[in-house]
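Structure data (compact mmCIF, C-alpha atoms and all ligand atoms) from coords.txt:
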```
# COMPACT_ATOMS: atom_id res chain seq x y z
CA MET A 6 58.65 90.50 160.12
CA ALA A 7 55.56 89.31 158.32
CA THR A 8 53.46 92.27 159.31
CA ALA A 9 53.24 94.20 156.06
CA GLY A 10 49.94 94.76 154.23
CA GLY A 11 48.25 91.86 152.50
CA ILE A 12 48.58 89.41 155.38
CA GLN A 13 45.67 87.11 155.85
CA ARG A 14 45.01 85.79 159.33
CA ILE A 15 43.19 82.54 159.88
CA ASP A 16 42.48 80.25 162.80
CA PRO A 17 45.59 78.44 164.02
CA ARG A 18 46.05 74.77 163.29
CA ARG A 19 48.87 72.35 162.93
CA PRO A 20 51.04 73.53 160.04
CA PHE A 21 51.92 71.57 156.95
CA THR A 22 55.35 70.13 156.25
CA LEU A 23 56.68 70.73 152.77
CA ASN A 24 58.01 67.54 151.22
CA ALA A 25 58.68 66.30 147.72
CA ASP A 26 55.02 65.27 147.23
CA GLY A 27 53.79 68.73 148.16
CA LEU A 28 52.32 69.72 151.49
CA LYS A 29 51.64 67.16 154.14
CA ARG A 30 50.13 67.62 157.58
CA ILE A 31 52.38 66.57 160.42
CA VAL A 32 50.89 63.39 161.86
CA LEU A 33 52.26 62.56 165.25
CA GLY A 34 53.56 59.04 165.68
CA GLN A 35 54.25 58.32 162.01
CA ALA A 36 57.37 56.27 161.46
CA GLY A 37 58.85 58.98 159.25
CA ASN A 38 58.41 61.62 161.92
CA ALA A 39 59.70 59.41 164.68
CA GLY A 40 63.01 59.02 162.90
CA LEU A 41 62.85 55.24 163.01
CA GLU A 42 64.34 54.66 159.60
CA LEU A 43 67.45 52.53 159.48
CA HIS A 44 70.12 53.45 156.95
CA VAL A 45 72.56 50.62 156.45
CA LEU A 46 74.56 52.13 153.61
CA PRO A 47 76.31 55.49 153.95
CA HIS A 48 73.96 58.30 152.84
CA ALA A 49 75.94 59.30 149.81
CA GLN A 50 75.98 55.76 148.46
CA VAL A 51 72.22 55.34 148.75
CA HIS A 52 71.38 58.71 147.22
CA HIS A 53 73.77 58.50 144.34
CA SER A 54 72.71 55.02 143.37
CA ILE A 55 68.98 55.67 143.11
CA LYS A 56 68.26 59.40 142.82
CA PRO A 57 68.16 61.54 139.68
CA GLN A 58 69.66 65.01 139.56
CA ARG A 59 67.17 67.86 139.99
CA LEU A 60 68.70 70.08 137.31
CA ALA A 61 69.04 68.87 133.72
CA ALA A 62 72.64 68.73 132.49
CA ASP A 63 71.93 71.47 129.92
CA ALA A 64 69.70 73.60 132.19
CA GLN A 65 69.82 77.34 131.44
CA LEU A 66 70.10 78.86 134.91
CA THR A 67 68.37 82.22 135.23
CA GLU A 68 67.76 82.49 138.96
CA CYS A 69 69.31 81.42 142.23
CA LEU A 70 68.16 80.63 145.76
CA LEU A 71 70.75 81.04 148.51
CA VAL A 72 70.84 78.95 151.68
CA VAL A 73 73.10 79.99 154.55
CA ALA A 74 73.95 77.88 157.57
CA HIS A 75 76.63 77.23 160.17
CA SER A 76 78.01 73.71 160.39
CA ASP A 77 78.85 71.85 163.55
CA ARG A 78 81.98 69.70 163.48
CA GLY A 79 81.85 69.35 159.73
CA SER A 80 78.18 68.71 159.25
CA LEU A 81 74.86 70.50 158.98
CA ASP A 82 72.27 69.62 161.59
CA GLU A 83 68.77 68.51 160.65
CA HIS A 84 67.37 72.04 160.91
CA ALA A 85 69.96 73.41 158.46
CA ARG A 86 69.36 70.46 156.11
CA GLN A 87 65.68 71.37 156.10
CA ALA A 88 66.54 74.92 155.02
CA VAL A 89 68.54 73.54 152.06
CA ALA A 90 65.68 71.17 151.23
CA ALA A 91 63.20 74.08 151.30
CA ALA A 92 65.16 75.90 148.63
CA ALA A 93 65.63 72.73 146.56
CA LEU A 94 61.91 71.92 146.68
CA LEU A 95 60.90 75.45 145.70
CA ALA A 96 63.48 75.78 142.91
CA ASP A 97 62.37 75.21 139.32
CA GLY A 98 64.42 73.79 136.44
CA ALA A 99 66.13 77.13 135.76
CA THR A 100 66.99 77.92 139.38
CA GLU A 101 70.24 77.05 141.07
CA VAL A 102 70.40 76.30 144.80
CA VAL A 103 73.58 77.76 146.30
CA LEU A 104 74.65 76.79 149.81
CA LEU A 105 76.96 78.99 151.89
CA VAL A 106 78.38 77.21 154.92
CA PHE A 107 80.20 78.88 157.79
CA GLY A 108 82.45 76.17 159.19
CA ALA A 109 83.80 72.97 157.67
CA LEU A 110 81.53 70.71 155.63
CA ASN A 111 82.15 66.99 155.21
CA ASP A 112 78.53 66.26 154.20
CA ASP A 113 77.63 65.38 150.63
CA ALA A 114 76.30 68.71 149.32
CA ALA A 115 74.54 67.00 146.39
CA ALA A 116 72.56 64.77 148.77
CA LEU A 117 71.56 67.87 150.74
CA GLY A 118 70.05 69.31 147.54
CA ALA A 119 72.66 72.03 146.87
CA ASP A 120 73.86 72.66 143.32
CA ARG A 121 76.77 74.86 144.30
CA CYS A 122 78.40 74.90 147.68
CA ILE A 123 80.66 77.60 149.14
CA VAL A 124 82.42 76.58 152.33
CA LEU A 125 84.22 78.97 154.68
CA PRO A 126 85.85 76.54 157.14
CA GLN A 127 87.62 79.35 159.01
CA TYR A 128 84.25 80.46 160.49
CA GLY A 129 81.62 78.63 162.52
CA GLY A 130 82.37 76.51 165.57
CA HIS A 131 83.26 78.53 168.62
CA LEU A 132 84.47 81.54 166.65
CA PHE A 133 82.37 84.67 167.22
CA ALA A 134 82.80 86.72 164.06
CA PRO A 135 79.45 88.27 163.11
CA GLU A 136 81.00 91.20 161.19
CA ALA A 137 83.19 88.91 159.12
CA GLU A 138 80.32 86.54 158.35
CA LEU A 139 78.04 89.41 157.44
CA ALA A 140 80.68 90.86 155.11
CA ALA A 141 81.10 87.51 153.36
CA LEU A 142 77.36 87.06 153.05
CA THR A 143 76.64 90.54 151.68
CA ALA A 144 79.50 90.13 149.18
CA LEU A 145 77.92 86.90 147.99
CA LEU A 146 74.51 88.55 147.72
CA ASP A 147 76.02 91.25 145.50
CA GLU A 148 77.52 88.53 143.33
CA LEU A 149 74.53 86.18 143.04
CA LEU A 150 71.49 88.44 143.52
CA PRO A 151 69.45 85.52 144.88
CA ALA A 152 65.66 85.71 144.71
CA HIS A 153 65.40 84.46 148.31
CA VAL A 154 67.79 83.70 151.17
CA PHE A 155 66.90 80.72 153.38
CA MET A 156 68.31 80.19 156.86
CA PRO A 157 67.35 78.03 159.83
CA ASP A 158 65.78 80.13 162.60
CA ASN A 159 67.60 78.17 165.29
CA GLY A 160 68.02 80.80 167.98
CA VAL A 161 71.81 80.77 167.58
CA ALA A 162 74.28 81.89 164.92
CA ASP A 163 72.02 81.51 161.85
CA SER A 164 69.11 83.42 163.41
CA ASP A 165 71.46 86.19 164.46
CA LEU A 166 73.11 86.44 161.05
CA GLY A 167 69.76 86.47 159.23
CA ARG A 168 68.52 89.42 161.26
CA ARG A 169 71.84 91.24 160.92
CA LEU A 170 71.65 90.70 157.16
CA ALA A 171 68.14 92.15 156.94
CA ALA A 172 69.28 95.28 158.79
CA ALA A 173 72.55 95.63 156.86
CA ILE A 174 71.06 95.42 153.36
CA ASN A 175 67.79 97.10 154.32
CA ALA A 176 66.02 93.98 153.06
CA ALA A 177 62.80 94.38 151.13
CA SER A 178 61.17 91.83 153.43
CA ILE A 179 62.01 89.22 156.04
CA ALA A 180 59.91 86.52 157.68
CA THR A 181 61.10 84.89 160.90
CA HIS A 182 59.86 81.76 162.68
CA VAL A 183 58.38 80.42 159.43
CA VAL A 184 56.42 77.25 160.17
CA GLU A 185 54.95 76.64 156.74
CA ILE A 186 56.31 77.33 153.28
CA ARG A 187 55.19 76.70 149.70
CA PRO A 188 55.78 78.44 146.35
CA ALA A 189 52.73 80.65 146.89
CA GLY A 190 53.80 81.95 150.28
CA LEU A 191 54.72 81.27 153.87
CA ALA A 192 53.16 81.32 157.30
CA THR A 193 54.25 82.11 160.84
CA TYR A 194 52.46 81.81 164.17
CA ARG A 195 51.37 85.03 165.82
CA GLN A 196 50.19 86.00 169.30
CA GLN A 197 51.58 83.02 171.19
CA GLY A 198 50.36 80.64 168.51
CA SER A 199 46.73 81.74 168.66
CA LEU A 200 46.88 83.15 165.11
CA MET A 201 48.65 82.18 161.93
CA ALA A 202 49.84 84.94 159.60
CA ARG A 203 50.43 84.30 155.91
CA ARG A 204 52.13 86.26 153.18
CA ASP A 205 54.01 85.82 149.92
CA LEU A 206 57.63 84.67 150.03
CA THR A 207 60.00 87.23 151.53
CA GLN A 208 63.53 88.15 150.52
CA ILE A 209 64.94 86.59 153.69
CA ILE A 210 63.22 83.49 155.06
CA LEU A 211 64.11 82.18 158.52
CA LEU A 212 62.61 78.74 158.93
CA GLU A 213 61.54 77.05 162.14
CA ALA A 214 62.53 73.39 162.55
CA ASP A 215 60.33 70.77 160.85
CA ALA A 216 58.61 73.09 158.37
CA VAL A 217 60.23 71.03 155.61
CA ASP A 218 61.06 67.35 155.16
CA ALA A 219 64.80 67.17 154.46
CA ARG A 220 64.52 63.84 152.62
CA LEU A 221 64.72 64.71 148.94
CA PRO A 222 63.94 62.38 146.02
CA PHE A 223 66.63 64.04 143.91
CA LEU A 224 70.21 65.26 144.11
CA GLY A 225 71.71 68.70 143.64
CA ARG A 226 74.81 69.15 141.52
CA GLY A 227 76.93 69.44 144.65
CA GLN A 228 79.74 71.44 143.04
CA ARG A 229 82.25 73.11 145.35
CA ALA A 230 82.95 76.76 144.47
CA GLU A 231 86.48 77.07 145.82
CA GLN A 232 87.37 80.34 144.13
CA ILE A 233 84.33 82.22 145.45
CA ALA A 234 85.17 80.90 148.92
CA VAL A 235 88.62 82.48 148.70
CA THR A 236 87.17 85.82 147.54
CA LEU A 237 84.53 85.83 150.28
CA GLY A 238 87.13 84.89 152.89
CA ALA A 239 89.21 87.90 151.88
CA ALA A 240 86.16 90.22 152.03
CA ALA A 241 85.32 88.86 155.47
CA ASN A 242 88.85 89.32 156.81
CA ALA A 243 89.05 92.89 155.56
CA ALA A 244 85.71 93.85 157.10
CA ALA A 245 86.37 92.30 160.47
CA ALA A 246 90.03 93.12 161.06
CA GLY A 247 90.38 93.82 164.78
CA ALA A 248 86.64 93.69 165.51
CA PHE A 249 86.94 90.89 168.06
CA ALA A 250 89.83 89.15 169.74
CA ASP A 251 89.44 85.37 169.86
CA LEU A 252 90.52 84.28 173.33
CA GLY A 253 90.11 80.61 172.43
CA VAL A 254 88.19 77.90 174.23
CA LYS A 255 88.93 77.44 177.91
CA ALA A 256 89.30 73.77 178.82
CA MET A 257 87.76 72.59 182.09
CA ALA A 258 87.15 69.24 183.76
CA ALA A 259 83.98 67.47 182.61
CA SER A 260 82.84 67.23 186.23
CA GLN A 261 82.64 71.04 186.36
CA VAL A 262 80.45 71.33 183.27
CA ALA A 263 76.70 71.55 183.78
CA LEU A 264 75.04 68.39 182.45
CA ASP A 265 72.85 70.31 180.02
CA GLU A 266 75.98 71.88 178.50
CA ALA A 267 78.12 68.72 178.44
CA ASP A 268 79.20 67.39 175.06
CA PHE A 269 80.01 63.87 176.25
CA ILE A 270 77.93 62.13 178.92
CA VAL A 271 78.19 58.64 180.37
CA SER A 272 75.01 57.67 182.11
CA ALA A 273 74.13 54.88 184.52
CA GLY A 274 70.88 53.02 185.06
CA ASN A 275 69.68 50.21 187.26
CA GLY A 276 71.89 47.81 185.31
CA VAL A 277 75.03 49.42 186.74
CA GLY A 278 75.95 47.53 189.90
CA ASP A 279 79.54 48.66 190.22
CA VAL A 280 79.21 52.42 190.68
CA ALA A 281 82.90 52.88 191.57
CA LEU A 282 83.92 51.27 188.28
CA PHE A 283 81.42 53.46 186.42
CA ASN A 284 82.79 56.63 188.05
CA SER A 285 86.38 55.63 187.23
CA LEU A 286 85.43 55.14 183.61
CA ALA A 287 83.69 58.54 183.47
CA GLN A 288 86.78 60.16 184.95
CA VAL A 289 89.18 58.47 182.54
CA LEU A 290 86.97 59.38 179.57
CA ASP A 291 86.62 62.93 180.95
CA ALA A 292 82.87 62.67 180.53
CA ALA A 293 80.06 64.26 182.53
CA VAL A 294 77.99 61.82 184.61
CA GLY A 295 74.24 61.32 184.24
CA ALA A 296 71.83 58.75 185.64
CA SER A 297 68.35 57.34 185.33
CA ARG A 298 65.75 58.09 187.97
CA VAL A 299 65.94 54.58 189.40
CA ALA A 300 69.72 54.92 189.86
CA VAL A 301 69.17 58.29 191.55
CA ASP A 302 66.33 57.00 193.73
CA ASP A 303 68.64 54.19 194.86
CA GLY A 304 71.05 56.81 196.19
CA LYS A 305 73.83 55.91 193.76
CA PHE A 306 73.83 59.36 192.15
CA GLU A 307 72.81 62.91 193.05
CA ARG A 308 69.36 64.22 192.14
CA ASP A 309 70.88 66.89 189.87
CA GLN A 310 72.43 64.10 187.78
CA GLN A 311 69.05 62.67 186.82
CA ILE A 312 68.29 62.86 183.13
CA GLY A 313 64.76 62.77 181.80
CA ALA A 314 61.33 64.31 181.99
CA THR A 315 61.69 65.14 185.68
CA GLY A 316 65.44 65.68 185.48
CA LYS A 317 67.75 67.41 183.03
CA THR A 318 67.34 67.63 179.27
CA VAL A 319 70.74 67.13 177.65
CA SER A 320 72.07 67.65 174.14
CA ALA A 321 75.45 65.93 174.16
CA SER A 322 77.22 64.90 170.97
CA ALA A 323 77.74 61.48 172.53
CA TYR A 324 75.56 59.84 175.19
CA LEU A 325 76.87 56.52 176.48
CA ALA A 326 74.14 54.70 178.44
CA PHE A 327 74.98 51.71 180.66
CA GLY A 328 72.12 49.54 181.87
CA ILE A 329 69.34 52.02 181.16
CA SER A 330 66.08 50.55 179.84
CA GLY A 331 65.08 53.69 177.97
CA ALA A 332 61.71 54.44 179.55
CA VAL A 333 59.85 57.19 177.73
CA GLN A 334 60.55 59.64 180.56
CA HIS A 335 64.29 59.02 180.21
CA LEU A 336 64.27 59.23 176.41
CA GLN A 337 62.56 62.61 176.66
CA GLY A 338 65.68 63.96 178.34
CA ILE A 339 68.05 62.74 175.60
CA LYS A 340 66.00 63.58 172.51
CA ASP A 341 68.52 66.22 171.43
CA CYS A 342 71.59 64.00 171.84
CA ARG A 343 73.40 63.40 168.60
CA HIS A 344 74.94 59.95 169.00
CA VAL A 345 73.52 57.52 171.54
CA ILE A 346 75.44 54.38 172.47
CA ALA A 347 73.61 51.85 174.63
CA VAL A 348 74.90 48.91 176.62
CA ASN A 349 72.20 46.55 177.81
CA LEU A 350 71.62 42.85 178.38
CA ASP A 351 68.20 43.11 176.77
CA ALA A 352 68.24 43.57 172.98
CA SER A 353 64.57 44.58 173.02
CA ALA A 354 65.04 47.47 175.49
CA PRO A 355 63.72 50.81 174.13
CA MET A 356 67.15 52.35 174.69
CA ILE A 357 68.58 49.89 172.15
CA LYS A 358 66.00 51.04 169.61
CA ARG A 359 66.89 54.69 170.28
CA ALA A 360 70.65 54.06 170.10
CA ASP A 361 72.81 54.59 167.04
CA LEU A 362 75.17 51.91 168.30
CA SER A 363 74.26 49.13 170.73
CA VAL A 364 76.24 46.60 172.68
CA ILE A 365 74.21 43.68 173.98
CA GLY A 366 76.12 42.54 177.01
CA ASP A 367 76.92 43.06 180.66
CA ALA A 368 77.59 46.68 181.64
CA GLN A 369 80.21 45.77 184.24
CA GLU A 370 82.22 43.64 181.80
CA LEU A 371 82.11 46.30 179.13
CA MET A 372 83.07 49.10 181.52
CA SER A 373 86.09 47.08 182.77
CA ALA A 374 87.20 46.33 179.22
CA LEU A 375 86.74 49.93 178.11
CA LEU A 376 88.58 51.28 181.14
CA GLU A 377 91.49 48.96 180.42
CA GLN A 378 91.58 49.95 176.73
CA VAL A 379 91.52 53.67 177.50
CA ARG A 380 94.25 53.32 180.14
CA GLN A 381 96.44 51.39 177.71
CA ALA A 382 95.86 53.95 174.96
CA ARG A 383 96.70 56.80 177.34
CA ALA A 384 99.88 55.02 178.45
CA VAL A 385 100.98 54.67 174.82
CA GLU A 386 100.21 58.37 174.21
CA ALA A 387 102.18 59.41 177.28
CA ALA A 388 105.19 57.24 176.43
CA PRO A 389 108.18 59.26 175.16
C1 LIG B 401 56.13 60.83 186.25
C2 LIG B 401 57.40 60.07 186.01
C3 LIG B 401 58.55 60.78 185.74
C4 LIG B 401 59.74 60.09 185.51
N1 LIG B 401 60.88 60.81 185.21
C5 LIG B 401 62.00 60.12 184.93
C6 LIG B 401 63.19 60.83 184.57
O1 LIG B 401 63.24 62.05 184.56
N2 LIG B 401 64.28 60.10 184.27
C7 LIG B 401 64.29 58.73 184.29
O2 LIG B 401 65.33 58.14 184.00
N3 LIG B 401 63.18 58.07 184.65
C8 LIG B 401 62.06 58.71 184.99
N4 LIG B 401 60.97 58.02 185.36
C9 LIG B 401 61.12 56.56 185.60
C10 LIG B 401 61.06 55.75 184.35
O3 LIG B 401 59.72 55.44 184.02
C11 LIG B 401 61.84 54.43 184.53
O4 LIG B 401 61.32 53.75 185.65
C12 LIG B 401 63.33 54.61 184.76
O5 LIG B 401 63.87 55.45 183.77
C13 LIG B 401 64.01 53.26 184.67
O6 LIG B 401 65.35 53.38 185.00
P1 LIG B 401 66.40 52.28 184.50
O7 LIG B 401 66.25 52.12 183.04
O8 LIG B 401 67.71 52.66 185.05
O9 LIG B 401 65.93 50.96 185.30
P2 LIG B 401 65.19 49.68 184.82
O10 LIG B 401 63.87 49.97 184.25
O11 LIG B 401 65.23 48.75 185.99
O12 LIG B 401 66.07 49.10 183.65
C14 LIG B 401 67.38 48.60 183.83
C15 LIG B 401 67.92 48.20 182.49
O13 LIG B 401 69.23 47.70 182.66
C16 LIG B 401 69.39 46.47 181.96
N5 LIG B 401 70.35 45.68 182.71
C17 LIG B 401 70.19 45.04 183.89
N6 LIG B 401 71.36 44.48 184.28
C18 LIG B 401 72.27 44.78 183.35
C19 LIG B 401 73.65 44.51 183.19
N7 LIG B 401 74.35 43.80 184.10
N8 LIG B 401 74.27 44.99 182.11
C20 LIG B 401 73.62 45.72 181.16
N9 LIG B 401 72.31 46.01 181.26
C21 LIG B 401 71.64 45.55 182.33
C22 LIG B 401 68.01 45.86 181.91
O14 LIG B 401 67.91 44.99 180.80
C23 LIG B 401 67.13 47.08 181.81
O15 LIG B 401 66.91 47.43 180.45
C24 LIG B 401 59.77 58.69 185.59
C25 LIG B 401 58.59 57.98 185.84
C26 LIG B 401 57.42 58.67 186.07
C27 LIG B 401 56.18 57.90 186.33
```

Could I get this structure in the form of structure tokens?
Amino acid sequence: MATAGGIQRIDPRRPFTLNADGLKRIVLGQAGNAGLELHVLPHAQVHHSIKPQRLAADAQLTECLLVVAHSDRGSLDEHARQAVAAAALLADGATEVVLLVFGALNDDAAALGADRCIVLPQYGGHLFAPEAELAALTALLDELLPAHVFMPDNGVADSDLGRRLAAAINAASIATHVVEIRPAGLATYRQQGSLMARRDLTQIILLEADAVDARLPFLGRGQRAEQIAVTLGAAANAAAAGAFADLGVKAMAASQVALDEADFIVSAGNGVGDVALFNSLAQVLDAAVGASRVAVDDGKFERDQQIGATGKTVSASAYLAFGISGAVQHLQGIKDCRHVIAVNLDASAPMIKRADLSVIGDAQELMSALLEQVRQARAVEAAP
């Protein structure tokens, strides 16, 4: 922790975000922070067409920064992308940014800012294998001797692995919950946020979300290091043989899953008149059921199905909203959802602006059509 000598404590304030132009204060309500940007072309296409590479082709590499993160269904989340960006922004022209990913990676590593990328697809996901991951990571540290190791301090696998690593290698220094970072040092909040502690960069750096802007003006080299991945995989297997038995993932009906743990939610608002049709669709899709407050107040759904500021906060991979306007109180409850699909008659509804995919049309018609399509597809699947 950042408690060693030499720490300067100052009055707390809003931290800076590190971006390509240096340090910038977080200003609430800015378009960039609100995530309102619309990308029409796939990421890789945009980046590759307009961005230069950070490292010169003939760069003499003398140092390396290592970033470690777990992927989720083949991609790094925003927090992990920020950790890669932190390393890329701090790296100079002789420093390579190496990314180690536990789990599959379908993202464009160059666009993330990584020069070399080592992917261990056999880890991550639901697999609990801390010993194996630690063995792979320490083996890589021995190989690369990175100046700093960056990880997202996300309260789950990366946070855990970062702290295990510090203990295992008896790290010279570690800083957790880092809210501000720059070449000269880093900062964390102390005493429930009433103080901010600063120090120079530590060997292991666990970053809070939003300390860094993940949008980079340059590309990494994005090379895949397949051979190292094989070597690390072998080291991991040897270290963890028999440590844990993987009992697999137990399947259960979506209706039995708590809303805040559900991965796929269909949600109804005031625009859903045919509740029976909606429930049939949810059942066929095997999705959990949520609702807006108006739909709950009308007695169409139970109170514990309400999503929003005064209901549940959900973090589904897919949130399919029928006839929900997207009032700010409702949007608050779905801020952590990954893909939002909205069906609404009104193209100017806030839910349409929030959605990644929108259908402007009648909820009842769309639900009937979707139900029919899914039933037909299931029938084809079931046919001998
Ligand atoms: C203190 C406070 C706390 C609140 N907490 C919550 C909360 O936790 N959760 C919550 O949801 N709300 C909450 N609200 C209420 C919130 O402000 C909205 O009133 C509510 O979310 C609106 O619900 P709705 O979008 O279903 O209904 P409406 O606002 O009536 O919107 C219905 C939408 O459906 C569309 N529509 C209508 N017919 C069709 C059709 N046939 N096909 C497709 N689309 C159609 C309309 O265009 C419209 O966009 C709270 C309000 C307050 C003041």

* For Ala162 of chain A, which residue out of A:Leu191, A:Phe107, A:Arg204, A:Val294 is the nearest one, using all atoms listed in the file? ->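 Selected residue with least distance to Ala162 of chain A: A:Phe107.
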
* Asked: ligand LIG 401 (chain B): which residues are within 8 Å, counting all atoms listed in the file, as a PyMOL selection string?
  -> chain A and resi 273-278+296-300+311-317+327-338+348-352+354-356+365-369

Against segment 112-124 of chain A, which residues of segment 227-269 of chain A fall within 9 Å? For each one I want the closest pair of atoms and the distance in Å (one decimal), counting only C-alpha atoms, rows by chain and increasing residue number, as a tab-separated table.
```
residue	atom	partner	partner_atom	distance
A:Gly227	CA	A:Ala115	CA	3.8
A:Gln228	CA	A:Arg121	CA	4.7
A:Arg229	CA	A:Cys122	CA	4.8
A:Ala230	CA	A:Ile123	CA	5.3
A:Glu231	CA	A:Ile123	CA	6.7
A:Gln232	CA	A:Ile123	CA	8.8
A:Ile233	CA	A:Ile123	CA	7.0
A:Ala234	CA	A:Ile123	CA	5.6
```

* To do: Up to 6 Å from (71.2, 78.4, 135.5) in the file's coordinates: name the residues, counting only C-alpha atoms, as a ChimeraX atom specification.
  => /A:65-67,99-101

* Near Leu132 of chain A, within 10 Å and counting all atoms listed in the file, which residues show up once chain neighbours fewer than 2 positions away are dropped, as an MDAnalysis selection string? -> chainID A and resid 108 127:130 134:135 249:254

Which residues are close to segment 89-95 of chain A, i.e. within 6 Å by all atoms listed in the file, leaving aside same-chain residues fewer than 2 positions away? Reply as a PDB file with C-alpha atoms, keeping the file's coordinate frame.
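Result file follows (result38.pdb):
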```pdb
ATOM      1  CA  VAL A  72      70.840  78.950 151.680  1.00  0.00           C
ATOM      2  CA  ARG A  86      69.360  70.460 156.110  1.00  0.00           C
ATOM      3  CA  GLN A  87      65.680  71.370 156.100  1.00  0.00           C
ATOM      4  CA  GLY A 118      70.050  69.310 147.540  1.00  0.00           C
ATOM      5  CA  PRO A 188      55.780  78.440 146.350  1.00  0.00           C
ATOM      6  CA  ALA A 219      64.800  67.170 154.460  1.00  0.00           C
TER       7      ALA A 219
END
```

* To do: Show which residues sit within 9 Å of Val289 of chain A, as a PyMOL selection string. Count all atoms listed in the file, and ignore same-chain residues fewer than 4 positions away.
  => chain A and resi 284-285+376+379-380

Could you dump the residues just selected with C-alpha atoms as a PDB file, in the coordinates of the input?
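So the final result, stored in result_25.pdb, reads:
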```pdb
ATOM      1  CA  ASN A 284      82.790  56.630 188.050  1.00  0.00           C
ATOM      2  CA  SER A 285      86.380  55.630 187.230  1.00  0.00           C
ATOM      3  CA  LEU A 376      88.580  51.280 181.140  1.00  0.00           C
ATOM      4  CA  VAL A 379      91.520  53.670 177.500  1.00  0.00           C
ATOM      5  CA  ARG A 380      94.250  53.320 180.140  1.00  0.00           C
TER       6      ARG A 380
END
```

* Asked: Pick from A:Val154, A:Ile174, A:Glu148, A:Pro126: nearest to Val102 of chain A, with only C-alpha atoms counted?
  ->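 Of A:Val154, A:Ile174, A:Glu148, A:Pro126, the one nearest Val102 of chain A, counting only C-alpha atoms, is A:Val154.
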
* Asked: Nearest to Val280 of chain A: which of A:Val301, A:Val183, A:Ala243, A:Ala216 is it, counting all atoms listed in the file?
  ->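 The closest residue to Val280 of chain A is A:Val301.
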